[in-house]
Structure formats: C-alpha cells, structure tokens
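Worksheet: one structure, shown below.
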There are 4 protein chains.
Amino acid sequence: MFNATFMPRFYETDAFGHINNTVVSGWFETAREPVFRIFTPELDIKALSLILARVEVDFVAQIHYGREVSVRTWIERIGTSSFVVCHEASQDGHVVARGKAVQVYFDFALQKSGPLPAKERAVLEGLVQSAQETRT
Amino acid sequence: MFNATFMPRFYETDAFGHINNTVVSGWFETAREPVFRIFTPELDIKALSLILARVEVDFVAQIHYGREVSVRTWIERIGTSSFVVCHEASQDGHVVARGKAVQVYFDFALQKSGPLPAKERAVLEGLVQSAQETRT
Amino acid sequence: MFNATFMPRFYETDAFGHINNTVVSGWFETAREPVFRIFTPELDIKALSLILARVEVDFVAQIHYGREVSVRTWIERIGTSSFVVCHEASQDGHVVARGKAVQVYFDFALQKSGPLPAKERAVLEGLVQSAQETRT
Amino acid sequence: MFNATFMPRFYETDAFGHINNTVVSGWFETAREPVFRIFTPELDIKALSLILARVEVDFVAQIHYGREVSVRTWIERIGTSSFVVCHEASQDGHVVARGKAVQVYFDFALQKSGPLPAKERAVLEGLVQSAQETRT
C-alpha cells in the first residue's frame with residue numbers, strides 16, 4: 001500500500017468553506033504517482049504507458065482547510081490490459097472520500113491498449129489488497 | 001436537457017498534450033449549474049442546499065486543445081433525498097467523456113440531508129431522460 | 001483589442017466566497033489565446049514559439065460567482081524579442097482586475113529566445129494601444 | 001524566513017511538458033500560509049483579515065515534473081495597512097521563479113482596509129529581509 005499526505009491549499013477551498021470536490025480527483029491522481037513509477041521510475045512522461053479510463057469518487061464527509069489529509073492507495077484487481085487502483089482519504093482519523101481509478105496499459109506509438117507487461121504486472125500483483133485487508 | 005460549451009484552456013492541458021482528466025470533473029460541475037439554479041435561481045451559494053455525494057467519469061477519448069467541447073446534461077433518476085445527473089461530453093462530433101453525479105438535498109443549518117422539496121422535485125422530474133432518449 | 005468573456009465556475013470560488021485570486025491568471029492566459037493564434041492560427045502547441053517571462057495582476061475588487069466577467073486584451077509595447085500584453089477584467093461594469101504579461105519569442109528547438117519574426121510583429125503592432133486609448 | 005516544498009503534481013503540467021505558469025501563483029499563495037497564521041494561528045478563514053492586492057511573478061526557468069520545488073518566503077517591507085511578501089522558487093538548486101504579493105489588512109465586517117494591528121506588525125517586522133540577505 002502507498003501513503004500520501006496532502007495539506008489542503010487555500011485555493012482548493014470553495015465558497016461552501018470546504019475543499020472543492022474536483023480537488024479530490026487531483027489528489028488521487030497524485031497519490032497514484034508511485035503506481036506511475038512502476039512503469040517509469042524517473043516519472044518520465046514520454047515513457048508513461050498508462051491512460052485513465054474511468055474514475056469514481058464517493059464524498060463521505062466535508063474536507064476542511066487547515067488540517068492534513070492522508071490518502072492510502074492500493075490495487076484492487078488486475079485484468080489483461082488494465083487494473084483498478086483504490087484510494088481512501090482521511091482527515092482527523094475519519095474517512096472523508098473513497099475513490100477508484102481504472103488505468104489501462106496504452107502504447108502511445110501504436111495509439112492502442114495492450115496487455116500489461118509481465119514485469120510491471122508482477123509489481124502490481126504485490127500491491128493487490130481487498131478493501132477489508134486495508135482496514136486492519 | 002441542458003447544453004453547455006467549453007473551450008479548453010491552455011492551463012487545462014497536461015504533459016500528455018491533451019486535456020487533463022481532472023479538468024472534466026470541473027466542466028461537469030459547471031454543466032450542473034442550471035441544475036443548481038433550480039434550487040437558487042440567482043446562484044446564491046448560501047441558498048444552495050445541495051451536496052455532491054458521488055461522481056463517476058468514463059474517459060472515452062482524448063480531449064484536444066483548440067477545439068470546443070459540448071456537454072449535454074440531464075437527470076437520470078430521482079430518489080427521496082437525492083438525484084442522479086448525467087453528462088456526456090463531445091468534441092468534433094464524437095463522445096469524449098461520460099459522467100454521473102449524485103447530488104443530495106442537504107440542510108446546511110441542520111447539517112443533515114432531507115427529502116427533496118416538492119417544487120424542486122417537479123422541475124427535476126421534467127428533466128428526467130433515459131440515456132437512449134438523449135441519443136435521439 | 002480582443003474581448004473574452006468568462007462565466008465564473010463554482011470550483012473557482014474560495015472560502016472567502018469570491019473567485020480565488022489564482023484563477024485570474026488562468027483567465028488572462030486564456031484571454032491571450034488570440035495572441036497565441038497570431039503565432040499558430042490552429043493553436044498547434046508544437047508551433048507556439050512563445051514563453052511567458054512575467055505576469056503582474058492587480059486585484060481591484062472582489063469577483064463574484066454567478067455573474068459574467070469580461071476581459072479586454074491589448075498590446076502595450078513591443079521589444080526586439082518580447083512584447084507586453086495588457087488585460088482588464090470587468091464585472092457588472094466595474095473593473096475588478098488588471099494584468100500584464102511579458103511574452104518572449106522562444107525557439108524551442110534551440111532552447112533560446114530570438115527576435116520576433118517580421119510577420120507576427122506587424123500583426124502585434126496593429127494591436128498596440130495605450131491604456132488611455134482603451135478607456136475611450 | 002519560511003520554507004515550503006512542493007512536489008509538482010501531474011495535473012499541474014501543461015502541453016509544453018512543464019509546470020504551467022498559473023500553478024506558481026497557487027504555490028506562492030500556499031507558501032504564504034505561515035504569514036496567514038500570524039493573523040489566525042488555526043487558519044480560521046473567518047478570522048483571516050487579509051486580502052491580496054497585487055501579485056507579480058517572474059518565470060526564470062522551466063519547472064519540471066518529477067522533481068521537488070522549494071520556495072523561500074520573506075517580508076520585503078511593511079506599510080501602514082499593507083505589506084509585501086517575497087517568494088523565490090528553486091528546483092535542482094537553481095532559481096526557477098520569483099514573486100511578490102501585496103497583502104492588505106482588511107476588515108471584512110466594515111468592508112474596508114485599515115492599519116495593521118501592532119501585534120501582527122511586530123511579528124511581520126521580524127521577518128523583514130532584503131533580497132540580498134536572503135541569498136547569504
């Protein structure tokens with residue numbers, strides 16, 4: 001599992017006085033960075049053969065400015081050419097948002113998706129956890 | 001059904017050369033503005049009794065800088081205290097993203113959700129369409 | 001002079017209840033798009049030989065959600081390899097922000113700045129106005 | 001002097017392959033957070049009596065994805081009701097951007113600016129440095 005911490009930024013708030021919902025998708029993208037590094041350790045964008053096919057976010061509670069948010073990230077399942085990343089964001093010890101992202105292995109030169117290479121797949125498999133396990 | 005148009009902004013691109021995925025959630029929030037106006041015609045934030053419980057976005061195709069994106073928005077179904085808004089974004093005549101948002105009627109004073117008022121519910125009901133209907 | 005219109009988006013508000021200051025830089029970048037088109041009519045990013053060297057923004061009044069903002073853009077002066085773009089944003093008939101951007105002609109292949117080509121310079125010269133003239 | 005560190009986020013890149021210029025204003029706003037805490041230690045937005053009157057940013061070099069950016073923040077000078085905050089951002093040991101922000105003491109209840117209170121002024125005075133001193 002990967003852990004990331006985000007200190008909410010003032011420009012991430014909205015007129016409701018809390019963190020705007022659209023910000024959470026950005027934090028989750030950032031929390032997937034260790035997953036990107038499996039495909040390109042130096043975060044070389046030209047070598048990052050992943051596209052995002054789908055995201056889901058459940059907003060569980062208001063996220064407040066001025067207090068750290070921690071995000072846990074793991075892999076839920078792996079298909080032939082895609083895999084599902086899960087995120088859980090907490091603030092003050094309570095879950096505030098949950099999310100999923102479907103990432104697809106994509107050959108930018110051929111402009112088509114393809115099977116996950118064996119080496120990267122093996123690393124991803126080591127990160128697979130059920131939601132139950134992550135709560136332990 | 002509501003229609004909105006977005007001209008992609010340069011700062012909305014990312015290093016892949018296309019519009020970043022996190023931007024689409026923001027466009028969809030903006031495309032829901034006519035829905036917000038059902039609850040507060042003047043977009044008075046203090047009178048906007050809605051919270052966002054969940055979003056889903058399917059990224060169907062790359063979104064390019066320099067060409068307009070049109071977003072169609074309709075209501076899929078209405079529950080007791082919540083309703084589901086659907087979005088479909090197109091560029092150059094092709095669907096590039098689809099999304100759903102679950103909005104919940106929320107009393108900020110009581111800090112709890114409650115049943116949708118009859119007046120607003122009636123307006124929402126007039127906007128209910130199946131995905132099939134929207135393709136006609 | 002170029003004119004652009006921005007309808008503030010909800011996610012552009014902040015916890016003060018108005019549009020966040022950082023958003024204005026993004027609107028001004030977008031308002032410079034007709035200037036970018038002088039260098040690449042199709043907004044082909046690979047052909048856009050401009051970099052941003054400096055921005056200034058004066059925040060004159062609070063910018064409100066729910067009401068359109070119009071931005072006027074013109075050229076203040078042109079140097080050998082750079083030029084100064086001016087912006088003035090208004091809402092409800094009052095100026096809310098003023099800004100300047102120094103754009104430099106830059107050869108990405110050589111990774112260095114160079115003199116503005118004669119053709120683009122001529123178009124820019126037609127857009128030069130003093131701040132006084134713009135108030136007429 | 002205050003120090004802050006920013007790991008560039010993927011959605012902060014643009015199609016030029018580097019960090020978009022508009023992002024730097026947001027980082028600098030975030031880097032001013034310790035200054036905000038002088039006025040409200042708990043970052044209580046309702047108690048934050050400061051508005052932003054002006055920003056300037058000089059973009060010195062391209063900012064790359066995948067490598068940390070450090071931002072140094074200090075006070076340049078203090079007026080009756082306003083003060084100037086300076087920022088310098090570095091990546092890989094080189095300055096990539098410099099900025100200034102003019103913050104004004106503002107009474108939101110009266111909707112007008114006013115003299116900086118003595119207590120906050122004293123703390124700000126302890127943070128005044130010349131640009132030269134900051135290079136030592």
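Chain labels A, B, ... are given in the sequence in which chains occur in the structure tokens; within each chain residues are numbered consecutively from 1, and ligands are likewise numbered from 1 in the order shown.
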
- Query: Near B:Asp14, within 12 Å and counting only C-alpha atoms, which residues show up once chain neighbours fewer than 3 positions away are dropped, as a PyMOL selection string?
  - Reply: (chain A and resi 45) or (chain B and resi 8-11+17-23+62-65) or (chain C and resi 45) or (chain D and resi 9-20+65)

Next, the residues of the selection above should be written as an mmCIF file, in the first residue's frame with N, CA and C atoms.
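Writing the result to result-v9.cif gives the following:
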```
data_model
loop_
_atom_site.group_PDB
_atom_site.id
_atom_site.type_symbol
_atom_site.label_atom_id
_atom_site.label_comp_id
_atom_site.auth_asym_id
_atom_site.auth_seq_id
_atom_site.Cartn_x
_atom_site.Cartn_y
_atom_site.Cartn_z
ATOM 1 N N ILE A 45 7.547 11.330 -18.513
ATOM 2 C CA ILE A 45 6.194 11.302 -19.071
ATOM 3 C C ILE A 45 6.151 10.580 -20.415
ATOM 4 N N PRO B 8 -11.558 24.480 -24.343
ATOM 5 C CA PRO B 8 -10.453 24.081 -23.454
ATOM 6 C C PRO B 8 -9.455 25.220 -23.285
ATOM 7 N N ARG B 9 -8.951 25.372 -22.077
ATOM 8 C CA ARG B 9 -7.983 26.430 -21.771
ATOM 9 C C ARG B 9 -6.585 25.812 -21.741
ATOM 10 N N PHE B 10 -5.596 26.616 -22.097
ATOM 11 C CA PHE B 10 -4.255 26.041 -22.186
ATOM 12 C C PHE B 10 -3.814 25.417 -20.858
ATOM 13 N N TYR B 11 -4.128 26.063 -19.750
ATOM 14 C CA TYR B 11 -3.688 25.538 -18.449
ATOM 15 C C TYR B 11 -4.443 24.267 -18.078
ATOM 16 N N GLY B 17 -0.202 16.290 -23.591
ATOM 17 C CA GLY B 17 -0.586 17.109 -24.750
ATOM 18 C C GLY B 17 -2.092 17.247 -24.928
ATOM 19 N N HIS B 18 -2.872 16.650 -24.015
ATOM 20 C CA HIS B 18 -4.332 16.732 -24.109
ATOM 21 C C HIS B 18 -4.886 17.365 -22.842
ATOM 22 N N ILE B 19 -6.217 17.430 -22.751
ATOM 23 C CA ILE B 19 -6.824 17.982 -21.549
ATOM 24 C C ILE B 19 -6.682 16.978 -20.407
ATOM 25 N N ASN B 20 -6.229 17.453 -19.253
ATOM 26 C CA ASN B 20 -6.046 16.563 -18.115
ATOM 27 C C ASN B 20 -7.396 16.037 -17.621
ATOM 28 N N ASN B 21 -7.385 14.802 -17.167
ATOM 29 C CA ASN B 21 -8.620 14.146 -16.744
ATOM 30 C C ASN B 21 -9.326 14.868 -15.604
ATOM 31 N N THR B 22 -8.564 15.467 -14.697
ATOM 32 C CA THR B 22 -9.192 16.113 -13.541
ATOM 33 C C THR B 22 -10.044 17.310 -13.964
ATOM 34 N N VAL B 23 -9.764 17.849 -15.144
ATOM 35 C CA VAL B 23 -10.497 19.023 -15.628
ATOM 36 C C VAL B 23 -11.961 18.677 -15.933
ATOM 37 N N GLN B 62 -9.351 10.960 -26.069
ATOM 38 C CA GLN B 62 -8.533 12.121 -25.724
ATOM 39 C C GLN B 62 -9.270 13.417 -26.081
ATOM 40 N N ILE B 63 -9.141 14.405 -25.220
ATOM 41 C CA ILE B 63 -9.768 15.705 -25.459
ATOM 42 C C ILE B 63 -8.664 16.663 -25.886
ATOM 43 N N HIS B 64 -8.863 17.317 -27.026
ATOM 44 C CA HIS B 64 -7.812 18.131 -27.624
ATOM 45 C C HIS B 64 -7.972 19.607 -27.291
ATOM 46 N N TYR B 65 -6.853 20.273 -27.162
ATOM 47 C CA TYR B 65 -6.813 21.727 -27.019
ATOM 48 C C TYR B 65 -7.166 22.359 -28.367
ATOM 49 N N ILE C 45 0.184 23.449 -30.448
ATOM 50 C CA ILE C 45 1.099 23.759 -29.353
ATOM 51 C C ILE C 45 2.562 23.614 -29.781
ATOM 52 N N ARG D 9 2.608 18.224 -9.259
ATOM 53 C CA ARG D 9 1.592 17.199 -9.489
ATOM 54 C C ARG D 9 1.365 17.078 -10.996
ATOM 55 N N PHE D 10 1.013 15.879 -11.444
ATOM 56 C CA PHE D 10 0.901 15.685 -12.887
ATOM 57 C C PHE D 10 -0.104 16.655 -13.509
ATOM 58 N N TYR D 11 -1.228 16.885 -12.818
ATOM 59 C CA TYR D 11 -2.227 17.781 -13.409
ATOM 60 C C TYR D 11 -1.758 19.238 -13.421
ATOM 61 N N GLU D 12 -0.622 19.516 -12.821
ATOM 62 C CA GLU D 12 -0.058 20.865 -12.857
ATOM 63 C C GLU D 12 0.830 21.081 -14.090
ATOM 64 N N THR D 13 1.117 20.019 -14.821
ATOM 65 C CA THR D 13 1.877 20.173 -16.068
ATOM 66 C C THR D 13 0.953 20.728 -17.149
ATOM 67 N N ASP D 14 1.541 21.211 -18.239
ATOM 68 C CA ASP D 14 0.739 21.582 -19.409
ATOM 69 C C ASP D 14 1.361 20.973 -20.659
ATOM 70 N N ALA D 15 0.768 21.279 -21.806
ATOM 71 C CA ALA D 15 1.163 20.609 -23.047
ATOM 72 C C ALA D 15 2.578 20.954 -23.492
ATOM 73 N N PHE D 16 3.201 21.965 -22.897
ATOM 74 C CA PHE D 16 4.615 22.222 -23.165
ATOM 75 C C PHE D 16 5.493 21.196 -22.438
ATOM 76 N N GLY D 17 4.901 20.389 -21.561
ATOM 77 C CA GLY D 17 5.650 19.343 -20.878
ATOM 78 C C GLY D 17 6.234 19.777 -19.542
ATOM 79 N N HIS D 18 5.964 21.037 -19.147
ATOM 80 C CA HIS D 18 6.479 21.533 -17.873
ATOM 81 C C HIS D 18 5.308 21.978 -17.000
ATOM 82 N N ILE D 19 5.652 22.551 -15.835
ATOM 83 C CA ILE D 19 4.596 23.043 -14.950
ATOM 84 C C ILE D 19 4.010 24.323 -15.540
ATOM 85 N N ASN D 20 2.692 24.390 -15.591
ATOM 86 C CA ASN D 20 2.029 25.577 -16.151
ATOM 87 C C ASN D 20 2.271 26.795 -15.263
ATOM 88 N N TYR D 65 8.404 18.392 -14.048
ATOM 89 C CA TYR D 65 7.644 17.387 -13.306
ATOM 90 C C TYR D 65 8.628 16.347 -12.754
#
```

- Task: Mind listing the alpha helix (DSSP H) residues of chain B, per DSSP on the backbone, as a VMD selection string?
- Result: chain B and resid 21 to 31 33 to 39 118 to 125 131 to 135

- What residues in chain C have any atom no more than 6 Å from chain B when counting only C-alpha atoms, and can you write them as JSON, numbers by chain? {"C": [9, 30, 43, 66]}

Now that the selection is made, can you save its residues with N, CA and C atoms as an mmCIF file, in the first residue's frame?
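Output below, filename result_22.cif:
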```
data_model
loop_
_atom_site.group_PDB
_atom_site.id
_atom_site.type_symbol
_atom_site.label_atom_id
_atom_site.label_comp_id
_atom_site.auth_asym_id
_atom_site.auth_seq_id
_atom_site.Cartn_x
_atom_site.Cartn_y
_atom_site.Cartn_z
ATOM 1 N N ARG C 9 -16.761 29.776 -12.568
ATOM 2 C CA ARG C 9 -17.180 28.404 -12.286
ATOM 3 C C ARG C 9 -17.164 28.199 -10.769
ATOM 4 N N THR C 30 -5.962 32.548 -20.853
ATOM 5 C CA THR C 30 -6.967 32.176 -21.854
ATOM 6 C C THR C 30 -7.303 33.374 -22.745
ATOM 7 N N LEU C 43 -3.741 26.944 -33.156
ATOM 8 C CA LEU C 43 -3.366 26.656 -31.766
ATOM 9 C C LEU C 43 -2.614 25.331 -31.648
ATOM 10 N N GLY C 66 -21.532 33.749 -10.290
ATOM 11 C CA GLY C 66 -22.897 33.922 -10.793
ATOM 12 C C GLY C 66 -23.078 35.067 -11.768
#
```

- Interatomic distance, atom CA of A:Val55 to atom CA of B:Phe6 (Å, one decimal):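 For atom CA of A:Val55 relative to atom CA of B:Phe6, the distance reads 20.8 Å.
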
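Straight-line separation from atom CA of B:Asn3 to atom CA of B:Val71: 5.7 Å.
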
Need to verify the contact set: A:Phe108, 9 Å, only C-alpha atoms, exclusion of same-chain residues closer than 6 positions in sequence. Can you return it as a compact mmCIF listing (two decimals) with N, CA and C atoms, in the first residue's frame?
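Dumped to out.txt:
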```
# COMPACT_ATOMS: atom_id res chain seq x y z
N LYS A 46 7.19 10.73 -21.20
CA LYS A 46 7.21 10.07 -22.51
C LYS A 46 7.22 8.54 -22.38
N LEU A 48 5.57 6.94 -19.90
CA LEU A 48 4.45 6.53 -19.05
C LEU A 48 3.31 5.98 -19.92
N SER A 49 3.26 4.64 -20.01
CA SER A 49 2.33 3.99 -20.95
C SER A 49 1.00 3.65 -20.29
N LEU A 50 0.40 4.62 -19.63
CA LEU A 50 -0.87 4.38 -18.94
C LEU A 50 -1.86 5.47 -19.32
```

- Item | Polymer residues at most 7 Å from stretch 89-93 of chain B, only C-alpha atoms, same-chain spacing of 6 or more positions, as an MDAnalysis selection string | chainID B and resid 68:72

Export all heavy atoms of the chosen residues as a compact mmCIF listing (two decimals), in the first residue's frame?
```txt
# COMPACT_ATOMS: atom_id res chain seq x y z
N GLU B 68 -13.69 23.20 -29.43
CA GLU B 68 -14.78 23.26 -28.47
C GLU B 68 -15.27 21.88 -28.00
O GLU B 68 -15.31 20.94 -28.79
CB GLU B 68 -15.95 23.98 -29.14
CG GLU B 68 -16.61 25.01 -28.27
CD GLU B 68 -17.60 25.84 -29.08
OE1 GLU B 68 -18.48 25.24 -29.73
OE2 GLU B 68 -17.47 27.07 -29.05
N VAL B 69 -15.68 21.82 -26.75
CA VAL B 69 -16.29 20.62 -26.19
C VAL B 69 -17.72 20.97 -25.78
O VAL B 69 -17.94 21.98 -25.12
CB VAL B 69 -15.49 20.13 -24.96
CG1 VAL B 69 -16.23 19.00 -24.24
CG2 VAL B 69 -14.10 19.68 -25.37
N SER B 70 -18.68 20.17 -26.20
CA SER B 70 -20.07 20.43 -25.79
C SER B 70 -20.49 19.36 -24.79
O SER B 70 -20.13 18.19 -24.92
CB SER B 70 -20.99 20.45 -27.00
OG SER B 70 -20.97 19.21 -27.64
N VAL B 71 -21.22 19.77 -23.77
CA VAL B 71 -21.64 18.86 -22.71
C VAL B 71 -23.16 18.89 -22.59
O VAL B 71 -23.75 19.97 -22.39
CB VAL B 71 -21.00 19.25 -21.36
CG1 VAL B 71 -21.51 18.35 -20.23
CG2 VAL B 71 -19.48 19.15 -21.44
N ARG B 72 -23.78 17.73 -22.74
CA ARG B 72 -25.22 17.61 -22.54
C ARG B 72 -25.46 17.06 -21.14
O ARG B 72 -24.74 16.15 -20.69
CB ARG B 72 -25.81 16.66 -23.59
CG ARG B 72 -25.61 17.21 -25.01
CD ARG B 72 -26.31 16.36 -26.04
NE ARG B 72 -25.89 14.99 -25.96
CZ ARG B 72 -26.71 13.96 -26.05
NH1 ARG B 72 -28.01 14.15 -26.23
NH2 ARG B 72 -26.24 12.72 -25.97
```

- Residues near B:Thr73, cut-off 6 Å, only C-alpha atoms, skip fewer than 2 positions along chain, as a count of residues only: 4

- Query: Please, which residues of stretch 96-133 of chain C, numbered as in this document, come out strand (DSSP E) from DSSP, as an MDAnalysis selection string?
  - Reply: chainID C and resid 96:107 112:113

Dump of N, CA and C atoms for the selected residues, as a compact mmCIF listing (two decimals), in the first residue's frame:
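Generated file (part-v6.txt):
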```
# COMPACT_ATOMS: atom_id res chain seq x y z
N VAL C 96 -12.45 44.90 -12.13
CA VAL C 96 -12.18 44.05 -10.96
C VAL C 96 -10.72 43.61 -10.90
N ALA C 97 -10.03 43.59 -12.05
CA ALA C 97 -8.61 43.21 -12.05
C ALA C 97 -7.94 43.75 -13.31
N ARG C 98 -6.64 44.07 -13.16
CA ARG C 98 -5.82 44.46 -14.30
C ARG C 98 -4.57 43.60 -14.30
N GLY C 99 -4.05 43.31 -15.48
CA GLY C 99 -2.86 42.48 -15.52
C GLY C 99 -1.98 42.76 -16.71
N LYS C 100 -0.72 42.34 -16.58
CA LYS C 100 0.22 42.42 -17.70
C LYS C 100 0.95 41.08 -17.80
N ALA C 101 1.31 40.74 -19.02
CA ALA C 101 2.09 39.52 -19.25
C ALA C 101 3.19 39.85 -20.25
N VAL C 102 4.40 39.46 -19.91
CA VAL C 102 5.52 39.65 -20.84
C VAL C 102 5.77 38.32 -21.54
N GLN C 103 5.53 38.30 -22.85
CA GLN C 103 5.72 37.08 -23.64
C GLN C 103 7.01 37.24 -24.45
N VAL C 104 7.78 36.18 -24.51
CA VAL C 104 9.06 36.21 -25.21
C VAL C 104 9.02 35.21 -26.37
N TYR C 105 9.52 35.64 -27.52
CA TYR C 105 9.63 34.74 -28.66
C TYR C 105 10.75 33.75 -28.37
N PHE C 106 10.45 32.46 -28.46
CA PHE C 106 11.39 31.45 -27.99
C PHE C 106 11.44 30.31 -29.00
N ASP C 107 12.64 29.95 -29.38
CA ASP C 107 12.83 28.83 -30.30
C ASP C 107 13.05 27.57 -29.44
N LYS C 112 16.38 28.83 -26.98
CA LYS C 112 16.76 30.21 -26.68
C LYS C 112 15.79 31.20 -27.32
N SER C 113 15.76 32.39 -26.75
CA SER C 113 14.88 33.42 -27.29
C SER C 113 15.51 34.03 -28.54
```

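Put simply, atom CA of C:Phe39 is 9.6 Å away from atom CA of C:Pro117.
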
- Message: Which residues are close to C:Glu120, i.e. within 8 Å by only C-alpha atoms, leaving aside same-chain residues fewer than 4 positions away? Reply as a list in words.
- Response: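 Near C:Glu120, the qualifying residues are Ile38, Phe39, Leu116 and Leu124 of chain C.
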
- Query: Which residues come within 8 Å of C:Val128, counting only C-alpha atoms, excluding same-chain residues fewer than 4 positions away, as a ChimeraX atom specification?
  - Reply: /C:74-77,124
